[in-house]
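Data block below; observations after.
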Amino acid sequence: LDTVTIRATAENIPGGKNPEEVSPDYIVDPDDPDAEDTLEDAAFSAGGGGETVGIRTDELEPNVTIDTPDLNIIGIGAQPTLLGGAGSDDSVLKIEGPGITIENVAIDAAEDAKYGIYTEGTDTVVKDCTVKNTDRSGGFGSSFGIVALTSDGPTSVTVENCILRNHEFGVFISGDGGKRAHANVKNNYINQVNRGINTNNILGSATVDGEEYGN
């Protein structure tokens, strides 16, 4: 581990911010015939290259896997929710592609999935999101708000200005097989969680800054 910075100075409860001046390349809205019906459809249409998918609906399908590289996914207006349901990897949202950013989206596992967000993609960013209610029935170590594993090589994971509620582990970031991982976790609000921010086998740098904990 190269550096660890820990400073708890958060003043406000984050999450749920409405992005301004969003001009997405693709829209997800099942009620709009000109938009994509699902997040996976929109990600497939985008095809990578830094495009933005805007979510403009209250609820989306769970069990989503995103592997489109360099994709920005952003909720428009109030946070849209990926609600409940566990996919093949026991997650509500799985990220496999590199350079994916998730912003202003709520993940509600509805106590039916072990992971809210599970990422194996490199350079993942999760910001201004709410992740809550993973399945804690297995006791300690049974559920995780956000898990990031470096299975495919060097990676950077950022979790910023999010609400993490009702998990055994809030954020868990782990290096694997000597691969480098860089963790940047800052200004999050964490409550009803046994272990807030956890790193394992981090060979790069870890910054934990401005976390606020509630009951």
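Letters A, B, ... go to the chains of the structure tokens in the order shown; residues in each chain start at 1; ligands are counted from 1 in the same order.
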Among range 8-193 of chain A, which ones does DSSP assign to strand (DSSP E or B) (computed from the backbone)? Answer as a PyMOL selection string. chain A and resi 26-28+36+52-55+59-60+64-66+72-75+81-83+91-95+101-103+106-108+115-119+124-127+130-132+144-149+155-160+163-174+181-186+189-193
Quick one: residues within 12 Å of Ala109 in chain A, only C-alpha atoms, excluding same-chain residues fewer than 5 positions away - as a PyMOL selection string? chain A and resi 61-63+81-87+90-93+114-117+130-136+143-146+164-167
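Among the candidate residues A:Glu160, A:Glu96, A:Asp25, A:Glu36, the one lying nearest to Lys127 in chain A is A:Glu160, with distances computed using only C-alpha atoms.
CA of Ser142 in chain A sits 25.3 Å away from CA of Asp123 in chain A.
Restricting the calculation to only C-alpha atoms, the smallest distance between Val105 in chain A and any of A:Ala35, A:Ile197, A:Val64, A:Ile55 is found for A:Ile55.
Among the candidate residues A:Ala113, A:Ile76, A:Ile163, A:Val157, the one lying nearest to Val185 in chain A is A:Val157, with distances computed using only C-alpha atoms.
Of the residues listed (A:Asp70, A:Glu120, A:Asp29, A:Asp58), A:Glu120 shows the shortest atom-to-atom separation from Leu149 in chain A; distances use only C-alpha atoms.
Among the candidate residues A:Thr124, A:Gln79, A:Asn191, A:Ser156, the one lying nearest to Asp108 in chain A is A:Gln79, with distances computed using only C-alpha atoms.
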Name the residues of range 24-129 of chain A that come out as alpha helix (DSSP H) in a backbone DSSP run; write them as an MDAnalysis selection string. chainID A and resid 39:46
For the selection you just gave me, I'd like the residues written to a file as a PDB file, in the first residue's frame, keeping N, CA and C atoms.
```pdb
ATOM      1  N   LEU A  39     -31.846  -0.271 -19.648  1.00  0.00           N
ATOM      2  CA  LEU A  39     -30.490   0.250 -19.536  1.00  0.00           C
ATOM      3  C   LEU A  39     -29.521  -0.571 -20.378  1.00  0.00           C
ATOM      4  N   GLU A  40     -29.681  -1.868 -20.402  1.00  0.00           N
ATOM      5  CA  GLU A  40     -28.803  -2.711 -21.211  1.00  0.00           C
ATOM      6  C   GLU A  40     -28.950  -2.397 -22.689  1.00  0.00           C
ATOM      7  N   ASP A  41     -30.178  -2.146 -23.158  1.00  0.00           N
ATOM      8  CA  ASP A  41     -30.386  -1.778 -24.565  1.00  0.00           C
ATOM      9  C   ASP A  41     -29.663  -0.475 -24.904  1.00  0.00           C
ATOM     10  N   ALA A  42     -29.788   0.498 -24.012  1.00  0.00           N
ATOM     11  CA  ALA A  42     -29.155   1.791 -24.265  1.00  0.00           C
ATOM     12  C   ALA A  42     -27.633   1.672 -24.265  1.00  0.00           C
ATOM     13  N   ALA A  43     -27.091   0.879 -23.342  1.00  0.00           N
ATOM     14  CA  ALA A  43     -25.642   0.681 -23.280  1.00  0.00           C
ATOM     15  C   ALA A  43     -25.139  -0.002 -24.545  1.00  0.00           C
ATOM     16  N   PHE A  44     -25.893  -0.976 -25.037  1.00  0.00           N
ATOM     17  CA  PHE A  44     -25.519  -1.680 -26.265  1.00  0.00           C
ATOM     18  C   PHE A  44     -25.553  -0.720 -27.458  1.00  0.00           C
ATOM     19  N   SER A  45     -26.571   0.125 -27.512  1.00  0.00           N
ATOM     20  CA  SER A  45     -26.669   1.087 -28.619  1.00  0.00           C
ATOM     21  C   SER A  45     -25.528   2.090 -28.581  1.00  0.00           C
ATOM     22  N   ALA A  46     -25.129   2.478 -27.371  1.00  0.00           N
ATOM     23  CA  ALA A  46     -24.054   3.469 -27.235  1.00  0.00           C
ATOM     24  C   ALA A  46     -22.738   2.938 -27.799  1.00  0.00           C
TER      25      ALA A  46
END
```
Name the closest residue to Val159 in chain A among the candidates A:Ile190, A:Ile173, A:Ala110, A:Val126; distances are taken between atoms, counting only C-alpha atoms. A:Val126
